[in-house]
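Worksheet for the structure shown next.
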Amino acid sequence: MNRARWSQYSLMVARAAFALFIVLGCLTVSWEHGIFAAWPWAEVAVAGHTLPLGAALALPPMIFGAAAAHWALAEPRPRWRWGRWTTTAPVIGFGALTLIRAWPIHDRATWLVTMVSVGLFWAVYGFTVNVVPRRWIVRIMAVVLFVQGTVGIVQFVGQRSVGLTFAGELPLDPTVRGVSVIEAGGRRWLRAYGLTPHPNVLGGYLALCGLVCLGALAAGGPTAAHPRRGWLWPGLIVGSAALFVSFSRSAWLGTGAALLYAALVWRPWRQVDWRAPRTRRGVLIGAMAILALLLIVGLAFGDLLLARFLRLGQTLEANSIQERVRDGQQAWMLIRHLPLRGVGSGYYVPALWAWADATGRSFPAFQPVHNLPLLVTAEMGVGGLFFWLWLLLGPAVTLLRRSSRRQSPLMIFWAAAFVLLFVVNLLDYYLYIPLVWWPSLYLGLLLGGFGGDLDDAL
């Protein structure tokens with residue numbers, strides 16, 4: 001077998017292992033329990049924690065080993081790509097500033113999580129730019145969309161956990177205090193969690209994957225050589241239903257803003273012959289279908305929607321609003337004291353405890369502020385805020401500047417996904433890279449696909 005064929009085999013192995021690693025990572029609630037801890041072959045004690053090394057952790061060496069084999073065997077040898085500078089610069093800048101502000105080390109566990117998260121973010125971005133075409137990213141997000149959506153729907157319908165404890169699914173019971181529910185009709189309704197730590201997290205990431213898949217459908221399918229796109233519809237339908245039953249207002253609002261952005265940039269109405277009878281019939285049928293769907297949803301979930309949007313005086317909703325106002329005030333207090341350098345990456349909550357001890361104030365607990373611009377500024381100063389806004393707004397602004405030219409629907413919806421993330425990050429903090437690995441995977445994948453040029457099949 002010649003070198004070229006071995007090189008292609010190595011490339012396929014690298015891409016397949018990478019796709020499996022990302023899918024498993026996006027379906028894992030905790031690396032201490034669940035998929036990545038399954039079939040452990042060793043344990044590592046780090047910063048006071050014992051971490052089991054499961055069989056799935058063999059994937060990263062396989063990924064880079066296969067990629068290295070492809071690089072060594074390919075003729076001509078592939079060149080390293082940095083991607084568009086408008087995307088690569090904030091990726092490097094935000095990650096570097098996060099690492100710099102992780103010093104001095106006040107807590108080894110916090111420092112370790114920050115190091116791993118940034119390293120994973122850079123690795124996923126660089127690998128995506130150089131090795132993974134957009135069609136593979138679409139496939140990855142379609143799989144995550146379908147699996148997470150299915151689990152979320154089953155949880156909501158059954159009002160309990162599915163039983164996927166081996167995958168790290170949380171024990172969910174709407175009667176237990178602390179589980180996220182909606183109170184309506186004298187009953188506590190469990191919101192869909194999927195394989196995530198909270199319904200808002202499920203809603204945000206489902207919306208992200210759904211927008212990318214919707215863009216692939218609008219572009220004519222995931223590959224030019226295989227234009228059939230029916231396999232994307234199950235994931236999109238299931239994911240949309242699960243997004244609804246997550247009852248995540250931030251995800252709903254972000255999805256609406258993203259779709260509005262996509263419509264204004266794409267302008268699909270300009271590509272339609274409105275005088276054609278077929279077009280008029282299609283519009284009428286579509287309008288009737290939408291009205292029927294709204295009617296069905298209103299009849300089936302009207303009380304839950306009213307509780308979520310209008311009955312803000314209920315105990316659950318009132319407490320949530322009061323907590324967010326209080327957390328915002330605490331974040332501003334830290335920003336006013338250290339506006340340029342912040343309190344350090346990952347040290348927002350410890351800084352609040354230090355402030356409480358120094359001032360003699362008593363609080364039962366502190367939590368990260370549900371607003372990422374405030375959280376980033378509090379931890380890394382105005383420099384961190386600058387790079388963070390560049391990360392999330394850069395792609396959308398880039399496409400807006402090119403709106404006079406015809407753009408691929410895939411890239412329009414890809415940029416719209418960043419609009420979703422920007423809106424969500426104003427209302428929650430689960431996109432923050434130093435906290436956990438999930439944003440490293442999703443943001444690295446999304447930014448790598450946008451900033452790279454491996455779009456040969458789309």
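The way I read the labels, and the way they are meant: chains A, B, ... in the order of the structure tokens, residue 1 as the first residue of every chain, and ligand 1 as the first ligand shown, with later ones counted on from there.
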
Given only C-alpha atoms, how would the per-residue table for range 166-273 of chain A near range 421-441 of chain A read, listing every residue at most 9 Å away with its closest atom pair and distance in Å to one decimal, sorted by chain and number, as a Markdown table?
```
| residue | atom | partner | partner_atom | distance |
| --- | --- | --- | --- | --- |
| A:Asn200 | CA | A:Asp428 | CA | 8.3 |
| A:Val201 | CA | A:Tyr430 | CA | 6.7 |
| A:Gly204 | CA | A:Val424 | CA | 7.1 |
| A:Leu208 | CA | A:Leu421 | CA | 7.7 |
| A:Ser250 | CA | A:Val424 | CA | 5.4 |
| A:Ala251 | CA | A:Val424 | CA | 6.2 |
| A:Leu253 | CA | A:Val423 | CA | 7.4 |
| A:Gly254 | CA | A:Val423 | CA | 5.1 |
| A:Thr255 | CA | A:Val423 | CA | 8.7 |
| A:Ala257 | CA | A:Val423 | CA | 7.7 |
| A:Ala258 | CA | A:Val423 | CA | 8.8 |
```

For those residues, write N, CA and C atoms to a file as a PDB file, in the first residue's frame.
```
ATOM      1  N   ASN A 200     -30.890  25.090  31.567  1.00  0.00           N
ATOM      2  CA  ASN A 200     -30.401  26.217  30.770  1.00  0.00           C
ATOM      3  C   ASN A 200     -29.196  25.818  29.925  1.00  0.00           C
ATOM      4  N   VAL A 201     -28.346  24.969  30.481  1.00  0.00           N
ATOM      5  CA  VAL A 201     -27.188  24.475  29.731  1.00  0.00           C
ATOM      6  C   VAL A 201     -27.659  23.631  28.557  1.00  0.00           C
ATOM      7  N   GLY A 204     -29.181  25.980  25.816  1.00  0.00           N
ATOM      8  CA  GLY A 204     -28.202  26.762  25.070  1.00  0.00           C
ATOM      9  C   GLY A 204     -27.424  25.941  24.059  1.00  0.00           C
ATOM     10  N   LEU A 208     -27.437  25.934  19.886  1.00  0.00           N
ATOM     11  CA  LEU A 208     -26.200  26.073  19.126  1.00  0.00           C
ATOM     12  C   LEU A 208     -26.089  25.000  18.054  1.00  0.00           C
ATOM     13  N   SER A 250     -33.356  32.059  28.424  1.00  0.00           N
ATOM     14  CA  SER A 250     -32.161  32.623  27.789  1.00  0.00           C
ATOM     15  C   SER A 250     -31.906  31.955  26.442  1.00  0.00           C
ATOM     16  N   ALA A 251     -32.084  30.630  26.357  1.00  0.00           N
ATOM     17  CA  ALA A 251     -31.881  29.924  25.095  1.00  0.00           C
ATOM     18  C   ALA A 251     -32.948  30.310  24.077  1.00  0.00           C
ATOM     19  N   LEU A 253     -34.597  33.204  23.957  1.00  0.00           N
ATOM     20  CA  LEU A 253     -34.318  34.573  23.521  1.00  0.00           C
ATOM     21  C   LEU A 253     -33.130  34.599  22.569  1.00  0.00           C
ATOM     22  N   GLY A 254     -32.082  33.857  22.897  1.00  0.00           N
ATOM     23  CA  GLY A 254     -30.908  33.811  22.032  1.00  0.00           C
ATOM     24  C   GLY A 254     -31.220  33.206  20.680  1.00  0.00           C
ATOM     25  N   THR A 255     -32.048  32.162  20.651  1.00  0.00           N
ATOM     26  CA  THR A 255     -32.433  31.545  19.376  1.00  0.00           C
ATOM     27  C   THR A 255     -33.215  32.533  18.520  1.00  0.00           C
ATOM     28  N   ALA A 257     -33.023  35.829  18.590  1.00  0.00           N
ATOM     29  CA  ALA A 257     -32.094  36.845  18.089  1.00  0.00           C
ATOM     30  C   ALA A 257     -31.227  36.282  16.964  1.00  0.00           C
ATOM     31  N   ALA A 258     -30.806  35.023  17.100  1.00  0.00           N
ATOM     32  CA  ALA A 258     -29.966  34.400  16.074  1.00  0.00           C
ATOM     33  C   ALA A 258     -30.731  34.224  14.763  1.00  0.00           C
TER      34      ALA A 258
END
```

request  = Compile the contact shell of Gly34 in chain A as an MDAnalysis selection string: residues with an atom at most 7 Å away, counting only C-alpha atoms, same-chain residues fewer than 5 positions apart removed.
outcome  = chainID A and resid 28 166:168

Could you write out that same residue set with C-alpha atoms as a compact mmCIF listing (two decimals), in the first residue's frame?
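Output file out.txt follows:
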```txt
# COMPACT_ATOMS: atom_id res chain seq x y z
CA THR A 28 -20.51 13.83 29.89
CA PHE A 166 -23.42 5.22 33.70
CA ALA A 167 -23.27 8.36 31.54
CA GLY A 168 -23.40 10.68 34.55
```

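Using only C-alpha atoms, the nearest neighbour of Thr114 in chain A within the list A:Ala96, A:Ala56, A:Leu211, A:Ala17 is A:Ala96.
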
key: All residues 7 Å or closer to Ala396 in chain A, only C-alpha atoms, same chain fewer than 4 positions away omitted, as a PyMOL selection string   = chain A and resi 400+415-416+418-419

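Shortest separation to Leu446 in chain A among A:Ala19, A:Val44, A:Val129, A:Leu306 occurs at residue A:Val129, atoms counted being only C-alpha atoms.
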
message = From the options A:Ala89, A:Trp189, A:Ala67, A:Leu27, which residue's atoms come nearest to Leu145 in chain A, counting only C-alpha atoms?
response = A:Leu27

So that I can see what lies close to Trp103 in chain A, please list as a PDB file with C-alpha atoms, in the first residue's frame the residues with an atom at most 12 Å from it, counting only C-alpha atoms and leaving out residues fewer than 6 positions away in the same chain.
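Heads up, here's the output in around01.pdb:
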```
ATOM      1  CA  ALA A  96      -3.264  33.600  27.082  1.00  0.00           C
ATOM      2  CA  LEU A  97      -4.795  36.224  29.368  1.00  0.00           C
ATOM      3  CA  THR A 110      -8.831  25.864  40.393  1.00  0.00           C
ATOM      4  CA  TRP A 111      -5.512  26.398  38.640  1.00  0.00           C
ATOM      5  CA  LEU A 112      -5.566  22.872  37.182  1.00  0.00           C
ATOM      6  CA  THR A 114      -8.126  26.549  34.205  1.00  0.00           C
ATOM      7  CA  MET A 115      -4.998  25.073  32.591  1.00  0.00           C
ATOM      8  CA  ARG A 341      -6.414  43.113  36.270  1.00  0.00           C
ATOM      9  CA  GLY A 342      -9.381  41.520  38.055  1.00  0.00           C
ATOM     10  CA  VAL A 343      -9.283  39.022  40.912  1.00  0.00           C
ATOM     11  CA  GLY A 344      -7.762  36.191  38.839  1.00  0.00           C
ATOM     12  CA  SER A 345      -9.035  33.416  36.584  1.00  0.00           C
ATOM     13  CA  GLY A 346     -11.379  31.130  38.502  1.00  0.00           C
ATOM     14  CA  TYR A 347     -11.214  33.144  41.731  1.00  0.00           C
ATOM     15  CA  GLU A 379     -11.757  37.966  37.011  1.00  0.00           C
ATOM     16  CA  MET A 380      -9.528  39.299  34.203  1.00  0.00           C
TER      17      MET A 380
END
```

request  = Mind listing the helix (DSSP H, G or I) residues of range 301-396 of chain A, per DSSP on the backbone, as number ranges by chain?
outcome  = A: 301-309, 315-337, 348-359, 372-396
